[in-house]
Each structure stands twice: as C-alpha cells, then as structure tokens.
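Content type compact mmCIF, C-alpha atoms, from the file model-v5.txt:
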```
# COMPACT_ATOMS: atom_id res chain seq x y z
CA MET A 191 124.80 133.79 84.45
CA THR A 192 123.85 132.88 88.01
CA ALA A 193 121.01 130.61 89.04
CA THR A 194 117.86 132.46 90.09
CA VAL A 195 114.54 131.43 91.55
CA ARG A 196 111.06 132.95 91.49
CA ARG A 197 108.48 131.82 94.01
CA ARG A 198 104.85 131.02 93.20
CA GLY A 199 103.23 129.54 96.29
CA THR A 200 104.66 126.05 96.77
CA ASP A 201 105.57 125.98 93.07
CA ARG A 202 108.74 127.67 91.93
CA ARG A 203 110.37 128.46 88.62
CA PHE A 204 114.07 127.86 88.94
CA SER A 205 116.43 129.12 86.25
CA THR A 206 119.69 127.20 85.84
CA SER A 207 122.97 128.86 84.93
CA ASP A 208 122.37 128.17 81.21
CA GLY A 209 118.93 129.78 81.38
CA THR A 210 116.79 126.63 81.37
CA VAL A 211 113.73 127.13 83.56
CA LEU A 212 112.80 124.18 85.79
CA HIS A 213 109.59 123.59 87.69
CA VAL A 214 110.11 123.00 91.43
CA ASP A 215 107.63 121.99 94.12
CA ALA A 216 108.64 122.77 97.72
CA SER A 217 106.81 121.62 100.85
CA GLY A 218 107.49 121.49 104.57
CA PRO A 219 109.06 124.07 106.89
CA ARG A 220 111.76 126.23 105.36
CA ASP A 221 113.81 126.07 108.56
CA ALA A 222 113.72 122.27 108.81
CA ALA A 223 116.91 120.57 109.98
CA VAL A 224 116.87 118.24 106.96
CA THR A 225 115.86 118.63 103.32
CA LEU A 226 114.78 115.61 101.30
CA VAL A 227 115.32 116.04 97.55
CA LEU A 228 113.26 113.68 95.37
CA VAL A 229 114.70 113.15 91.88
CA HIS A 230 112.38 111.57 89.31
CA ALA A 231 112.85 109.03 86.52
CA TRP A 232 113.27 109.30 82.76
CA THR A 233 110.04 110.35 80.95
CA GLN A 234 108.35 111.02 84.30
CA ASP A 235 108.12 114.16 86.43
CA HIS A 236 107.78 115.32 90.04
CA LEU A 237 104.23 113.94 90.25
CA GLU A 238 105.59 110.39 90.43
CA TRP A 239 106.31 111.18 94.10
CA ASP A 240 102.68 112.14 94.85
CA PRO A 241 101.82 108.79 96.51
CA VAL A 242 104.92 108.94 98.72
CA LEU A 243 104.72 112.56 99.82
CA PRO A 244 101.84 112.28 102.36
CA LEU A 245 103.61 109.42 104.15
CA LEU A 246 106.81 111.37 104.90
CA PRO A 247 107.51 113.06 108.26
CA THR A 248 105.82 116.47 108.52
CA GLY A 249 108.88 118.26 109.90
CA VAL A 250 110.98 117.61 106.80
CA ARG A 251 111.43 120.04 103.94
CA VAL A 252 110.83 118.26 100.63
CA LEU A 253 111.98 119.49 97.23
CA ARG A 254 110.67 117.90 94.06
CA TYR A 255 111.40 119.21 90.59
CA ASP A 256 111.08 118.34 86.91
CA HIS A 257 114.25 117.61 84.98
CA ARG A 258 114.80 119.73 81.89
CA GLY A 259 112.70 118.29 79.09
CA HIS A 260 110.20 116.74 81.52
CA GLY A 261 106.93 117.79 83.12
CA TRP A 262 106.53 121.55 83.34
CA SER A 263 110.22 122.37 82.88
CA GLU A 264 111.61 123.79 79.66
CA PRO A 265 113.12 121.46 77.03
CA ALA A 266 116.81 120.68 77.20
CA LYS A 267 118.88 123.05 75.12
CA PRO A 268 120.93 121.44 72.32
CA GLY A 269 123.73 119.35 73.79
CA THR A 270 122.39 119.46 77.37
CA ALA A 271 120.26 116.30 77.44
CA THR A 272 122.86 114.40 79.48
CA VAL A 273 122.99 112.83 82.91
CA ALA A 274 126.02 115.02 83.69
CA GLN A 275 123.95 118.13 83.02
CA LEU A 276 121.21 116.85 85.30
CA ALA A 277 123.81 116.51 88.07
CA ASP A 278 124.86 120.12 87.53
CA ASP A 279 121.20 121.21 87.62
CA LEU A 280 120.76 119.35 90.92
CA ALA A 281 123.87 120.96 92.40
CA GLU A 282 122.61 124.44 91.46
CA LEU A 283 119.15 123.72 92.83
CA ILE A 284 120.57 122.54 96.16
CA THR A 285 122.88 125.55 96.41
CA GLU A 286 120.00 127.95 95.79
CA LEU A 287 117.06 126.30 97.57
CA ALA A 288 118.75 124.25 100.32
CA PRO A 289 122.03 126.04 101.03
CA GLU A 290 122.28 124.84 104.64
CA GLY A 291 121.46 121.84 106.77
CA ARG A 292 121.38 118.10 106.26
CA LEU A 293 120.45 116.62 102.89
CA VAL A 294 118.90 113.29 101.98
CA LEU A 295 118.73 112.47 98.27
CA ALA A 296 116.33 109.95 96.73
CA GLY A 297 116.61 109.11 93.04
CA HIS A 298 114.38 106.84 90.97
CA SER A 299 115.87 105.36 87.78
CA MET A 300 117.46 108.29 85.88
CA GLY A 301 117.05 110.24 89.11
CA GLY A 302 119.36 107.77 90.84
CA MET A 303 121.84 108.11 88.00
CA THR A 304 121.68 111.87 88.52
CA VAL A 305 122.62 111.42 92.18
CA MET A 306 125.57 109.23 91.15
CA ALA A 307 126.69 111.86 88.65
CA LEU A 308 126.38 114.48 91.41
CA ALA A 309 128.83 112.43 93.50
CA GLU A 310 131.16 112.28 90.50
CA ARG A 311 130.99 115.95 89.48
CA HIS A 312 130.39 117.64 92.85
CA PRO A 313 132.02 115.36 95.45
CA GLU A 314 132.64 118.21 97.88
CA LEU A 315 128.90 118.99 98.02
CA VAL A 316 128.02 115.35 98.59
CA GLU A 317 130.71 114.76 101.21
CA SER A 318 129.89 117.90 103.20
CA ARG A 319 126.09 117.88 103.05
CA VAL A 320 124.55 114.52 102.17
CA ASP A 321 123.59 112.33 105.14
CA GLY A 322 121.49 109.73 103.33
CA VAL A 323 120.79 108.36 99.86
CA ALA A 324 118.06 106.16 98.40
CA PHE A 325 118.62 104.47 95.05
CA ILE A 326 115.23 103.33 93.77
CA ALA A 327 115.05 101.06 90.71
CA THR A 328 118.19 102.46 89.15
CA SER A 329 121.57 101.49 87.70
CA CYS A 330 125.21 102.52 87.80
CA CYS A 331 126.19 100.86 84.47
CA ASP A 332 125.19 98.53 81.61
CA MET A 333 122.29 100.65 80.36
CA ASP A 334 123.55 100.12 76.80
CA ARG A 335 122.37 96.50 76.62
CA LEU A 336 118.88 96.26 78.03
CA THR A 337 116.81 93.21 77.12
CA LEU A 338 113.64 94.41 78.89
CA GLY A 339 113.40 91.15 80.80
CA LEU A 340 113.34 88.99 77.67
CA LYS A 341 115.78 86.19 76.88
CA GLY A 342 117.58 84.94 73.82
CA ARG A 343 116.56 86.32 70.46
CA ALA A 344 113.61 88.18 71.97
CA GLY A 345 116.00 90.01 74.30
CA ARG A 346 118.27 90.97 71.42
CA VAL A 347 115.30 92.29 69.45
CA ALA A 348 114.13 94.25 72.51
CA ALA A 349 117.57 95.86 72.80
CA ARG A 350 117.41 96.97 69.16
CA VAL A 351 113.87 98.30 69.59
CA ASP A 352 114.96 100.25 72.66
CA LYS A 353 117.77 101.96 70.75
CA THR A 354 115.54 102.61 67.72
CA PHE A 355 112.89 104.21 69.93
CA GLY A 356 115.50 106.54 71.41
CA ARG A 357 116.59 107.62 67.94
CA LEU A 358 112.98 108.23 66.90
CA LEU A 359 112.41 110.45 69.93
CA ASN A 360 115.51 112.42 68.98
CA ARG A 361 113.99 113.19 65.60
CA TRP A 362 110.46 114.03 66.72
CA GLY A 363 109.61 117.62 65.82
CA THR A 364 106.70 118.03 68.24
CA ASP A 365 106.70 119.30 71.83
CA HIS A 366 104.99 116.16 73.11
CA VAL A 367 104.86 112.52 72.07
CA PRO A 368 101.92 112.38 69.60
CA ILE A 369 100.48 109.08 70.80
CA PRO A 370 96.92 108.86 72.19
CA ALA A 371 96.97 107.87 75.86
CA PRO A 372 94.77 104.76 75.38
CA LEU A 373 97.29 103.40 72.88
CA ALA A 374 100.28 104.15 75.11
CA ARG A 375 98.93 102.64 78.33
CA PRO A 376 99.32 98.92 77.48
CA SER A 377 103.01 99.39 76.62
CA VAL A 378 103.58 101.47 79.76
CA LYS A 379 101.89 98.82 81.88
CA TRP A 380 103.95 95.96 80.42
CA LEU A 381 107.26 97.78 80.50
CA ALA A 382 107.12 99.62 83.81
CA PHE A 383 104.93 97.65 86.21
CA GLY A 384 104.97 94.26 87.86
CA LYS A 385 102.04 92.26 89.29
CA LYS A 386 98.77 93.70 90.61
CA VAL A 387 98.84 96.97 88.68
CA ARG A 388 96.38 99.73 89.52
CA ARG A 389 94.81 101.42 86.50
CA ALA A 390 95.19 104.85 88.09
CA ASP A 391 98.95 104.31 88.42
CA VAL A 392 99.30 103.32 84.77
CA ARG A 393 97.28 106.39 83.77
CA ALA A 394 99.45 108.65 85.92
CA MET A 395 102.71 107.37 84.46
CA THR A 396 101.34 107.48 80.90
CA GLU A 397 100.35 111.12 81.37
CA GLN A 398 103.86 111.92 82.56
CA PHE A 399 105.41 110.16 79.55
CA LEU A 400 103.17 112.05 77.14
CA ARG A 401 104.09 115.39 78.79
CA ALA A 402 107.82 114.87 78.26
CA HIS A 403 109.66 116.62 75.42
CA PRO A 404 110.55 113.93 72.84
CA ARG A 405 113.92 115.25 71.67
CA SER A 406 115.02 115.87 75.24
CA VAL A 407 114.16 112.40 76.50
CA GLY A 408 115.68 110.88 73.35
CA GLY A 409 118.93 112.64 74.18
CA PHE A 410 118.79 111.46 77.78
CA ARG A 411 118.28 107.88 76.59
CA ASP A 412 121.49 108.16 74.57
CA SER A 413 123.30 109.59 77.59
CA MET A 414 122.12 106.76 79.84
CA SER A 415 123.65 104.28 77.42
CA ASP A 416 127.05 105.74 78.32
CA HIS A 417 126.30 105.91 82.05
CA ASP A 418 128.99 104.11 84.07
CA ARG A 419 129.47 105.61 87.50
CA ARG A 420 130.62 102.67 89.58
CA LYS A 421 133.72 104.61 90.64
CA ALA A 422 131.64 107.63 91.62
CA LEU A 423 129.81 105.53 94.21
CA ALA A 424 133.00 105.49 96.30
CA THR A 425 132.12 109.06 97.35
CA LEU A 426 129.03 107.65 99.09
CA ARG A 427 130.76 104.94 101.10
CA GLY A 428 130.00 105.55 104.74
CA THR A 429 126.80 107.44 103.91
CA PRO A 430 123.60 105.67 105.02
CA THR A 431 122.19 104.25 101.79
CA VAL A 432 119.31 102.03 100.73
CA VAL A 433 119.08 100.27 97.37
CA MET A 434 115.56 99.20 96.32
CA VAL A 435 114.51 97.09 93.34
CA GLY A 436 111.56 95.00 92.20
CA ASP A 437 112.19 91.45 91.01
CA ARG A 438 110.05 92.12 87.90
CA ASP A 439 111.87 95.31 86.89
CA ARG A 440 112.43 95.18 83.12
CA ILE A 441 114.28 98.50 82.86
CA THR A 442 116.83 98.39 85.68
CA PRO A 443 116.70 94.73 86.69
CA VAL A 444 117.85 93.14 89.91
CA HIS A 445 121.43 92.53 88.81
CA HIS A 446 121.83 96.29 88.19
CA ALA A 447 120.82 96.98 91.79
CA ARG A 448 123.21 94.31 93.06
CA VAL A 449 126.14 96.03 91.33
CA ILE A 450 125.30 99.22 93.26
CA ALA A 451 125.12 97.23 96.50
CA GLU A 452 128.50 95.63 95.76
CA GLU A 453 130.05 99.07 95.38
CA LEU A 454 128.34 100.17 98.63
CA PRO A 455 128.65 97.09 100.86
CA ASP A 456 127.14 98.83 103.90
CA ALA A 457 123.98 99.79 102.03
CA GLU A 458 120.63 98.22 102.87
CA PHE A 459 119.48 96.10 99.92
CA VAL A 460 115.71 95.70 99.53
CA LEU A 461 114.14 93.34 96.97
CA PHE A 462 110.40 93.65 96.40
CA PRO A 463 108.81 90.44 95.06
CA GLY A 464 106.27 91.02 92.31
CA ALA A 465 107.18 94.67 91.81
CA GLY A 466 108.34 96.26 88.58
CA HIS A 467 110.12 99.54 87.90
CA GLU A 468 107.55 101.90 89.42
CA LEU A 469 108.24 101.44 93.10
CA THR A 470 106.87 104.85 94.09
CA TYR A 471 103.48 103.52 92.94
CA GLU A 472 103.81 99.79 93.50
CA ARG A 473 105.50 99.83 96.92
CA THR A 474 104.60 103.30 98.16
CA ARG A 475 104.53 102.59 101.89
CA GLU A 476 107.76 100.62 101.86
CA VAL A 477 109.56 103.37 99.93
CA ALA A 478 108.19 106.07 102.24
CA LYS A 479 109.21 104.06 105.33
CA ARG A 480 112.81 103.77 104.19
CA LEU A 481 113.01 107.43 103.18
CA SER A 482 111.67 108.34 106.61
CA ARG A 483 114.40 106.25 108.27
CA LEU A 484 117.09 108.03 106.28
CA VAL A 485 115.67 111.40 107.27
CA ALA A 486 115.59 110.38 110.93
CA ASN A 487 119.23 109.17 111.07
```

Go through the file and emit its structure as structure tokens.
Amino acid sequence: MTATVRRRGTDRRFSTSDGTVLHVDASGPRDAAVTLVLVHAWTQDHLEWDPVLPLLPTGVRVLRYDHRGHGWSEPAKPGTATVAQLADDLAELITELAPEGRLVLAGHSMGGMTVMALAERHPELVESRVDGVAFIATSCCDMDRLTLGLKGRAGRVAARVDKTFGRLLNRWGTDHVPIPAPLARPSVKWLAFGKKVRRADVRAMTEQFLRAHPRSVGGFRDSMSDHDRRKALATLRGTPTVVMVGDRDRITPVHHARVIAEELPDAEFVLFPGAGHELTYERTREVAKRLSRLVAN
C-alpha cells in the first residue's frame, strides 16, 4: 500500500503505508525553498507548536502533524507504537508532502527521538535533504531509568511509578485517558513545567494529554525505554544543529542533552535557566529565534 494524502484546507489527512491516518497541518507557501517539519512530544500533539508558529519567518513552509495515537490521528495499530515506526511515518510524510527542497527538522522530546530514528533508519534521506536540526528537550539514551528530578529513594520510587504508569496505559480499554482535567493539571504542572508557569499553558498541555490514546502512548513509553540512538547521531555531524534544554527538566534532564551535544560537538548548546520540559511554551521566543536561524542558513 502506498502513502496517500487528502487535502482539507490547511488540514490534511495523511494515510501511512500501513493504513494509519494521521492529522497534518500545513502552512506557508507550497513553493517555499525550505520546509520546516515540527515533530511533537509524547502525549502531546501538533498544537504544542501553536505559540511558536506565529514567530517563524513567513516565507517558510511549515508542516505539523500528530503522531499515531495522538491528537486527531488514528491510534497505533498493534505492534506499531514504537519510535522506529514514528521515524518511518516521518519519512513517508516528507516524501509525500515535501518531496523537494531544503528541510529543517525540529523535534521536542519523543519528536527529537523520532528525528534520531529517522537518521538511523533513513540516512540517505537525512544526508541528502536535511540542512538543519533542532533537538528540544529530548534524549538519545537512558530513558529506562528516569528519576523525574528526584534523588535517592524518592528517585527510585519515581522510576517505578513511571514504569507502572506506562503499563497501566497499555491496559486501558478506553479511547482517552479517563481523568478529569482539573485532577490532571497539578501533576502535569509539576512534571512538565519549570518556574513561572502560565495557567493557560498547563491547560493546553493537559488537554493534549487527555486527547491521546492510552494504549498507544503506553506502547510508546515502552519503546522509549529501549531508545539508544547515540550512533545514529553520527549521520547528523556537519549538519547545523541546536540542542535546547531547561535546567528544571524532569523528563529529559540536562545531562541527557549534554550527551547529544557530545555526539554532535559542533552543535549549539542552549541551557534555559528556570525552564522545564515544555520549552515551546516556556521559552517560545527563544525557540522560535533558533528555528528561524536554522531556516535562514
């Protein structure tokens, strides 16, 4: 089966080669010299890029989409909730919707892992087309032992809770996480954000989390535990790259970002004091500025 796409204004329904329908948002001129592909995080969707989008150059074509099992895309089919599958989805989307011209890829959290897996599984595409990469609050390894910023026994308990939560999601029989938003927001705020949190940002991320398909995101959490793509980063050496992280990130902490920077010694490393995991909300202008620089190179 070949990948197909149906257009609906700026929103598109993209069908992958295994028949999973993904939601895609396209903006900017179709004949632009460069296409910026924005790849979202685990349990979020393309709307996480809403704050950044208005600050990007107007002459750039921008593609945002929802991973399978997230947002308005269909759930992941059995056995397909893996980072490797997300890389294949991204490769198909690029081939269909941005077949020519320069590419800049920006990935937040699991989105950054997807870009790394793309370099591993489709190196010829990356080497021939990609002229810039942004890794935003993400990791290339060690996702199997998260402590959520806690130390000692508390960190060990947090690691067990993280794994237990993933297993619970895998077993959920509903299409959406059945937790009332007011109950979910405090946990989202503590886990994902740093200092000076805006209520609207916490609401936005909570809504995205509650839209995600539980079994799909549970499967992706398991897949991220096995994510080790340090070697794949070699494909990106020589490509203009920026690595961004907040010093209060509990999910992909600073030392995860430093490992990426060590593998890509020419990359720009940006540390945001006071920021957590949600840099598209917490450091919107700074993220947009660096994406704009990559596009302009």

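Here the question is which of A:Pro313, A:Ala222, A:His260, A:Asp208 gets nearest to Asp279 in chain A using all atoms listed in the file, and that residue is A:Asp208.
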
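Here CA of Arg401 in chain A is placed at a distance of 27.2 Å from CA of Leu481 in chain A.
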
Return as JSON lines the residues of range 227-331 of chain A lying at most 12 Å from range 371-392 of chain A, together with the closest atom-to-atom pair for each and the distance in Å to one decimal, counting all atoms listed in the file, with rows in chain order and ascending residue number.
```
{"residue": "A:Ala231", "atom": "CA", "partner": "A:Ala382", "partner_atom": "CA", "distance": 11.3}
{"residue": "A:Trp232", "atom": "CA", "partner": "A:Ala382", "partner_atom": "CA", "distance": 11.5}
{"residue": "A:Thr233", "atom": "CA", "partner": "A:Val378", "partner_atom": "CA", "distance": 11.0}
{"residue": "A:Gln234", "atom": "CA", "partner": "A:Ala382", "partner_atom": "CA", "distance": 11.5}
{"residue": "A:Leu237", "atom": "CA", "partner": "A:Asp391", "partner_atom": "CA", "distance": 11.1}
{"residue": "A:Glu238", "atom": "CA", "partner": "A:Asp391", "partner_atom": "CA", "distance": 9.2}
{"residue": "A:Trp239", "atom": "CA", "partner": "A:Asp391", "partner_atom": "CA", "distance": 11.6}
{"residue": "A:Asp240", "atom": "CA", "partner": "A:Asp391", "partner_atom": "CA", "distance": 10.8}
{"residue": "A:Pro241", "atom": "CA", "partner": "A:Asp391", "partner_atom": "CA", "distance": 9.7}
{"residue": "A:Ser299", "atom": "CA", "partner": "A:Ala382", "partner_atom": "CA", "distance": 11.2}
{"residue": "A:Ala327", "atom": "CA", "partner": "A:Ala382", "partner_atom": "CA", "distance": 10.6}
```

> Between A:Leu400, A:Val460, A:Met333, A:Val252, which has the minimum distance to Asp437 in chain A (counting all atoms listed in the file)?
Replying inline: A:Val460

>> As an exercise, work out the distance from CA of Leu293 in chain A to CA of Gly322 in chain A in Å and give it to one decimal place.
In response: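 According to the coordinates, CA of Leu293 in chain A and CA of Gly322 in chain A are separated by 7.0 Å.
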
Report the centre and edge lengths, in Å to one decimal, of an axis-aligned box enclosing every atom of range 228-239 of chain A listed in the file, padded by 5 Å on each side, as AutoDock Vina command-line options.
```
--center_x 109.5 --center_y 112.2 --center_z 88.2 --size_x 20.5 --size_y 16.3 --size_z 24.4
```

>> Let me make sure I understand: among A:Thr225, A:Thr206, A:Asn487, A:Thr248, which one has the smallest atom-to-atom distance to Glu290 in chain A if we use only C-alpha atoms?
In response: A:Thr225
